[in-house]
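See structure below.
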Amino acid sequence: MKKLFLMILMLLSSSLFAEGDSLSGKWKPDGVAGINLSQIAFSNWAKGGENSLSWVFFSNIHFNYDGSQYKLKNNFKFAFGRTKLGDAAYRTNDNEVYLENVLTYQVGWSVDPFLSNTFRTNVSAGFDYKSPLEPKVSDFFDPAYITQAIGFEYGKTKQFVTRLGLAFQETFTNKFRSYSDDPKTTAMEAFKFETGIESVTSTEFLIDDNLLYSSKLRLFSRFDRISVWDVRWDHLITAKINKYLNVNFNVLVLYEKDQSPKTQAKEALQVGVTYNLF
């Protein structure tokens with residue numbers, strides 16, 4: 001079934017490109033890359049404290065095509081960072097690759113049919129730092145999540161875009177098979193294929209001339225467990241100081257029962273040096 005869907009996805013994409021306008025002059029690249037830093041150092045400091053250094057390299061790139069009949073949105077997000085406290089070894093504080101492709105065919109309705117593909121995984125190894133032994137719990141493509149969806153999208157304004165569709169999700173693992181294991185079997189599976197419903201909603205608002213808020217909420221539920229939903233809700237507030245300096249406040253909320261029975265949250269407030277790539 002998975003192979004059949006991928007084949008249909010490629011055929012529909014090819015036909016839409018064949019029917020559309022010429023590609024020349026319609027691509028709209030946009031993106032930034034930069035580094036967020038936090039550092040403190042002590043010398044003969046009587047009140048106590050430890051030296052610390054924290055950095056996160058990030059990039060957020062959009063490569064979109066806007067035609068008269070269809071739109072193709074390509075979003076790539078990369079983040080990797082380390083933290084060092086005192087004489088301790090460096091620890092990973094951010095670790096993600098996220099790629100999203102959405103092809104929308106404009107038929108003149110209130111909503112437009114779409115095909116999408118998303119990919120997410122680690123940049124490198126992840127560790128459980130709460131455990132005394134700090135065991136490795138994940139790695140690049142271990143696990144990796146790839147999701148295809150087909151359905152309808154409402155996206156008349158940049159401030160609010162939402163889509164809902166039938167989804168096919170594949171989970172790939174190597175050593176860390178707890179993410180892909182089927183508890184109903186005795187074997188530890190390295191691959192899991194699931195069908196369900198996916199909803200993705202994004203918002204973007206310019207609060208002030210130099211203050212931007214953006215948010216993306218992704219929901220996924222499997223047909224065999226329709227009452228259990230995976231949740232990924234990413235919030236970002238960016239305050240632009242000047243051409244190269246930004247202050248970023250990011251809150252990421254996750255709930256994936258296969259990973260943890262508890263809701264996960266990550267919050268970061270950082271000053272970053274950014275560079276416009278296009």
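FYI, nothing fancy with the structure tokens labels: chains A, B, ... in order, residues from 1 per chain, ligands from 1 as they appear.
Excluding Leu219 (chain A) itself and same-chain residues fewer than 6 positions from it, the residues having an atom within 7 Å of it are Glu198, Ser199, Val200, Trp229, Asp230, Val231 and Arg232 of chain A, counting only C-alpha atoms.
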Residue subset to file, keeping N, CA, C and O atoms, as a short mmCIF file (atom, residue, chain, number, x, y, z; two decimals), in the first residue's frame:
data_model
loop_
_atom_site.label_atom_id
_atom_site.label_comp_id
_atom_site.auth_asym_id
_atom_site.auth_seq_id
_atom_site.Cartn_x
_atom_site.Cartn_y
_atom_site.Cartn_z
N GLU A 198 -3.97 13.34 9.41
CA GLU A 198 -3.01 14.37 9.78
C GLU A 198 -3.61 15.76 9.56
O GLU A 198 -4.25 16.01 8.54
N SER A 199 -3.39 16.62 10.52
CA SER A 199 -3.80 18.02 10.42
C SER A 199 -2.59 18.89 10.72
O SER A 199 -1.88 18.65 11.70
N VAL A 200 -2.35 19.89 9.86
CA VAL A 200 -1.23 20.82 10.07
C VAL A 200 -1.77 22.24 9.91
O VAL A 200 -2.37 22.58 8.88
N TRP A 229 -3.66 11.01 19.94
CA TRP A 229 -3.14 11.94 18.94
C TRP A 229 -1.69 12.30 19.26
O TRP A 229 -1.36 12.61 20.41
N ASP A 230 -0.84 12.27 18.23
CA ASP A 230 0.49 12.86 18.34
C ASP A 230 0.36 14.36 18.16
O ASP A 230 -0.35 14.83 17.25
N VAL A 231 1.06 15.13 18.98
CA VAL A 231 0.97 16.59 18.95
C VAL A 231 2.38 17.17 18.84
O VAL A 231 3.27 16.78 19.61
N ARG A 232 2.57 18.07 17.91
CA ARG A 232 3.81 18.85 17.81
C ARG A 232 3.38 20.30 17.60
O ARG A 232 2.82 20.66 16.56
#
Any chance you could tabulate, as a Markdown table, the residues of region 158-235 of chain A at most 10 Å from region 246-264 of chain A with each one's nearest atom pair and distance in Å to one decimal, using only C-alpha atoms, in chain and rising number order?
| residue | atom | partner | partner_atom | distance |
| --- | --- | --- | --- | --- |
| A:Ser178 | CA | A:Asp258 | CA | 8.0 |
| A:Tyr179 | CA | A:Asp258 | CA | 6.1 |
| A:Ser180 | CA | A:Asp258 | CA | 8.2 |
| A:Asp181 | CA | A:Asp258 | CA | 9.1 |
| A:Asn210 | CA | A:Asn246 | CA | 9.5 |
| A:Leu211 | CA | A:Val247 | CA | 9.5 |
| A:Leu212 | CA | A:Asn248 | CA | 9.8 |
| A:Tyr213 | CA | A:Phe249 | CA | 9.6 |
| A:Ser214 | CA | A:Asn250 | CA | 9.8 |
| A:Ser215 | CA | A:Val251 | CA | 9.5 |
| A:Lys216 | CA | A:Leu252 | CA | 9.7 |
| A:Leu217 | CA | A:Val253 | CA | 9.4 |
| A:Arg218 | CA | A:Leu254 | CA | 9.7 |
| A:Leu219 | CA | A:Tyr255 | CA | 9.6 |
| A:Phe220 | CA | A:Glu256 | CA | 9.5 |
| A:Val228 | CA | A:Lys257 | CA | 7.9 |
| A:Trp229 | CA | A:Glu256 | CA | 7.5 |
| A:Asp230 | CA | A:Glu256 | CA | 4.8 |
| A:Val231 | CA | A:Tyr255 | CA | 4.9 |
| A:Arg232 | CA | A:Leu254 | CA | 4.7 |
| A:Trp233 | CA | A:Val253 | CA | 5.1 |
| A:Asp234 | CA | A:Leu252 | CA | 4.5 |
| A:His235 | CA | A:Val251 | CA | 5.1 |
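Proximity to Ala89 (chain A) was assessed for A:Ser38, A:Leu53, A:Gln270, A:Gly155 counting only C-alpha atoms; the smallest distance is recorded for A:Leu53.
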Secondary structure check, strand (DSSP E) residues of region 40-277 of chain A, as JSON, numbers by chain = {"A": [40, 52, 53, 54, 55, 56, 57, 58, 59, 60, 61, 62, 63, 64, 65, 66, 70, 71, 72, 73, 74, 75, 76, 77, 78, 79, 80, 81, 82, 83, 84, 85, 91, 92, 93, 94, 95, 96, 97, 98, 99, 100, 101, 102, 103, 104, 105, 112, 113, 114, 115, 116, 117, 118, 119, 120, 121, 126, 127, 136, 137, 138, 144, 145, 146, 147, 148, 149, 150, 151, 152, 153, 154, 155, 156, 157, 160, 161, 162, 163, 164, 165, 166, 167, 168, 169, 170, 171, 172, 191, 192, 193, 194, 195, 196, 197, 198, 199, 200, 201, 202, 203, 204, 205, 206, 207, 208, 211, 212, 213, 214, 215, 216, 217, 218, 219, 220, 221, 222, 225, 226, 227, 228, 229, 230, 231, 232, 233, 234, 235, 236, 237, 238, 239, 240, 245, 246, 247, 248, 249, 250, 251, 252, 253, 254, 255, 264, 265, 266, 267, 268, 269, 270, 271, 272, 273, 274, 275, 276]}
May I have the residues within 12 Å of Asn60 (chain A) as an MDAnalysis selection string, using only C-alpha atoms and disregarding those fewer than 2 positions away in the same chain?
-> chainID A and resid 29:35 57:58 62:63 74:79 96:100 274:278
Leaving out Phe42 (chain A) and any residue of its chain fewer than 6 positions from it, which residues lie within 10 Å of it when counting only C-alpha atoms, given as a list in words?
-> Gly48, Gly49, Glu50, Asn51 and Ser52 of chain A
Across A:Glu194, A:Glu267, A:Asp128, A:Asp112, the smallest distance to Thr162 (chain A), with only C-alpha atoms counted, is shown by A:Asp112
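Interatomic distance, CA of Thr203 (chain A) to CA of Val161 (chain A): 6.5 Å.
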For Leu269 (chain A), the closest of A:Ile241, A:Ile150, A:Leu236, A:Ala190 counting only C-alpha atoms is A:Leu236
Any idea what the distance is between CA of Gly165 (chain A) and CA of Leu115 (chain A)?
-> 8.9 Å
Residues at most 8 Å from Ala167 (chain A), counting only C-alpha atoms, excluding those fewer than 3 positions away in the same chain, as a list in words?
-> Thr147, Gln148, Ala149, Ile150, Thr195, Gly196, Ile197 and Glu198 of chain A
Store the residues of this selection in a file with N, CA and C atoms, as a PDB file, in the first residue's frame.
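Below is the file that was written, selection_12.pdb:
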ATOM      1  N   THR A 147       6.272  11.073   6.571  1.00  0.00           N
ATOM      2  CA  THR A 147       4.808  11.071   6.486  1.00  0.00           C
ATOM      3  C   THR A 147       4.357  11.647   5.157  1.00  0.00           C
ATOM      4  N   GLN A 148       3.493  10.912   4.457  1.00  0.00           N
ATOM      5  CA  GLN A 148       2.847  11.412   3.250  1.00  0.00           C
ATOM      6  C   GLN A 148       1.366  11.621   3.554  1.00  0.00           C
ATOM      7  N   ALA A 149       0.792  12.667   2.962  1.00  0.00           N
ATOM      8  CA  ALA A 149      -0.625  12.951   3.199  1.00  0.00           C
ATOM      9  C   ALA A 149      -1.265  13.472   1.918  1.00  0.00           C
ATOM     10  N   ILE A 150      -2.565  13.224   1.787  1.00  0.00           N
ATOM     11  CA  ILE A 150      -3.356  13.724   0.665  1.00  0.00           C
ATOM     12  C   ILE A 150      -4.687  14.195   1.221  1.00  0.00           C
ATOM     13  N   THR A 195      -1.362   4.160   9.143  1.00  0.00           N
ATOM     14  CA  THR A 195      -2.275   5.016   8.395  1.00  0.00           C
ATOM     15  C   THR A 195      -3.173   5.761   9.380  1.00  0.00           C
ATOM     16  N   GLY A 196      -3.510   6.987   9.019  1.00  0.00           N
ATOM     17  CA  GLY A 196      -4.343   7.761   9.922  1.00  0.00           C
ATOM     18  C   GLY A 196      -4.751   9.088   9.315  1.00  0.00           C
ATOM     19  N   ILE A 197      -4.963  10.065  10.187  1.00  0.00           N
ATOM     20  CA  ILE A 197      -5.390  11.408   9.799  1.00  0.00           C
ATOM     21  C   ILE A 197      -4.334  12.401  10.281  1.00  0.00           C
ATOM     22  N   GLU A 198      -3.967  13.340   9.410  1.00  0.00           N
ATOM     23  CA  GLU A 198      -3.005  14.372   9.784  1.00  0.00           C
ATOM     24  C   GLU A 198      -3.611  15.757   9.561  1.00  0.00           C
TER      25      GLU A 198
END
Could you pull out the helix (DSSP H, G or I) residues of region 3-168 of chain A from DSSP and send them as a ChimeraX atom specification?
-> /A:3-19
Work out how far CA of Gly151 (chain A) is from CA of Thr173 (chain A), in Å to one decimal.
-> 27.8 Å
Extract, using only C-alpha atoms, all DNA, RNA and protein residues at most 12 Å from Phe191 (chain A), discarding same-chain residues fewer than 3 positions from it, and format them as a compact mmCIF listing (two decimals) with C-alpha atoms, in the first residue's frame.
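Okay, around-v6.txt is ready:
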# COMPACT_ATOMS: atom_id res chain seq x y z
CA PHE A 141 17.83 8.27 11.09
CA ASP A 142 17.28 6.25 14.28
CA PRO A 143 14.42 7.00 14.54
CA ALA A 144 13.35 8.79 11.36
CA TYR A 145 9.74 9.70 10.61
CA ILE A 146 8.45 10.12 7.06
CA GLN A 169 3.51 7.46 8.36
CA GLU A 170 6.67 5.34 8.28
CA THR A 171 9.02 5.01 11.26
CA PHE A 172 12.56 3.79 10.55
CA THR A 173 14.99 2.64 13.26
CA ASN A 174 18.23 0.72 13.57
CA LYS A 175 19.46 0.16 17.12
CA PHE A 176 16.70 2.01 18.98
CA ARG A 177 13.73 -0.09 17.98
CA SER A 178 11.46 0.90 20.85
CA TYR A 179 10.23 3.74 18.60
CA SER A 180 9.11 1.30 15.87
CA ASP A 181 8.32 -1.84 17.86
CA ASP A 182 4.90 -3.45 17.72
CA ALA A 187 10.11 -9.55 17.69
CA MET A 188 11.56 -6.01 17.82
CA GLU A 194 0.76 3.45 10.04
Quick one: everything within 8 Å of Gln106 (chain A), counting only C-alpha atoms, minus sequence neighbours fewer than 2 positions away in the same chain. Send it as JSON, numbers by chain.
-> {"A": [68, 69, 70, 71, 104, 108, 109, 112, 113]}
Store the residues of this selection in a file with N, CA, C and O atoms, as a tab-separated table (two decimals), in the first residue's frame.
chain	number	residue	atom	x	y	z
A	68	SER	N	0.11	29.67	-11.53
A	68	SER	CA	-1.31	30.01	-11.69
A	68	SER	C	-2.22	28.84	-11.34
A	68	SER	O	-3.36	29.03	-10.94
A	69	GLN	N	-1.71	27.60	-11.48
A	69	GLN	CA	-2.53	26.42	-11.21
A	69	GLN	C	-2.11	25.69	-9.94
A	69	GLN	O	-2.93	25.04	-9.31
A	70	TYR	N	-0.87	25.76	-9.57
A	70	TYR	CA	-0.42	25.01	-8.40
A	70	TYR	C	0.68	25.76	-7.67
A	70	TYR	O	1.34	26.64	-8.22
A	71	LYS	N	0.86	25.37	-6.40
A	71	LYS	CA	1.91	25.93	-5.56
A	71	LYS	C	2.71	24.78	-4.96
A	71	LYS	O	2.14	23.75	-4.56
A	104	THR	N	0.16	21.95	-3.85
A	104	THR	CA	-1.26	22.30	-3.83
A	104	THR	C	-1.74	22.63	-5.23
A	104	THR	O	-1.10	23.40	-5.95
A	108	GLY	N	-9.89	26.71	-7.55
A	108	GLY	CA	-10.87	27.78	-7.42
A	108	GLY	C	-11.90	27.55	-6.35
A	108	GLY	O	-12.89	28.29	-6.28
A	109	TRP	N	-11.75	26.53	-5.51
A	109	TRP	CA	-12.67	26.28	-4.42
A	109	TRP	C	-12.21	27.04	-3.17
A	109	TRP	O	-11.17	27.68	-3.17
A	112	ASP	N	-8.23	23.73	-1.43
A	112	ASP	CA	-7.54	23.16	-2.59
A	112	ASP	C	-6.95	21.81	-2.23
A	112	ASP	O	-6.45	21.61	-1.12
A	113	PRO	N	-7.00	20.83	-3.15
A	113	PRO	CA	-6.37	19.53	-2.89
A	113	PRO	C	-4.85	19.67	-2.79
A	113	PRO	O	-4.24	20.50	-3.46
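Distances to Ala41 (chain A) were evaluated for A:Ser124, A:Ser54, A:Ser221, A:Asn242 using only C-alpha atoms, and the minimum falls at A:Ser54.
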